[in-house]
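Beneath this line is the structure, given in structure tokens, with notes to follow.
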Amino acid sequence: MSRAIDTVYHMLDAGNWPSVQRSGLLSAARLMHAAGEAPSARREYRPEQKRLASGALIRNQKPMPPTALARCLKDGLAPEDWYELLNSKVFFWLDAERLNRQRQACKAAPQVVLVVDAAKMLAKHGRAAAVSPINTGNAMRAAAPRNRTTFVPYAHWVEAGWKHESISRAAIRPSSHRPVELTVDDAVPDILEFVTRVMPLPAGKSL
């Protein structure tokens, strides 16, 4: 079975696009550090989007409030550990349908979608990449259990599917289960090298 990932998508607030053109895609943690935020901010829940002193906008975490998140975290993780982990990564969708759900959640705010040549990006950043089998930023409804191994290193996934994922009392996922997210640790400063299309999404428009 081929586990190649050819194309991924990243959506950003249109106001962040000039910064991405200058510095590439930076994780929320990198953006907060650059704006002078205290390190503790990376472990805090954001019920609303936040405009940093630098002008960068970081998204809210409404779909994973602490109480709901605590119910699906396993193996000793606390909600603040999960917020810190997610803030340390740059996220890409593998499925345009999921991206459009995120677009709907952004309501009227203009967005920009980057269509990315994943194979080319992974050839350079694969050591810092991981895949996840779930939407790790959503803890509502019947949320899937998760821990740090939910982020399976890309090379391990290519070689052995989801065998690296280890959650207490959970069966190994079938190898046919496709990833939901691709992540890269910290930053992709050269993201424009891998972008094949830039798609502005004004209010009311989806991909």
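Scheme for the structure tokens: letters A, B, ... for chains in order shown; per-chain residue numbers from 1; ligand numbers from 1 in order shown.
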
Please report as a Markdown table every residue of range 31-105 of chain A lying within 6 Å of range 5-19 of chain A, along with the nearest atom pair and their distance in Å (one decimal), using only C-alpha atoms.
| residue | atom | partner | partner_atom | distance |
| --- | --- | --- | --- | --- |
| A:Ala56 | CA | A:Asn16 | CA | 5.8 |
| A:Phe92 | CA | A:His10 | CA | 4.9 |
| A:Trp93 | CA | A:Tyr9 | CA | 5.1 |
| A:Leu94 | CA | A:Val8 | CA | 4.8 |

> Residues at most 12 Å from Val90 in chain A, counting only C-alpha atoms, excluding those fewer than 3 positions away in the same chain, as a ChimeraX atom specification?
Replying inline: /A:9-12,24-31,58,85-87,93,125,128-131,181-189,191

> What is the CA of Gln104 in chain A to CA of Ala203 in chain A distance in Å?
Replying inline: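 The value is 9.5 Å.
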
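In this model, the gap between CA of Val116 in chain A and CA of Leu99 in chain A comes to 13.4 Å.
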
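Distance annotation: of A:Ala38, A:Gly137, A:Arg3, A:Met32, the residue with the minimal separation from Arg178 in chain A is A:Arg3; atom set is only C-alpha atoms.
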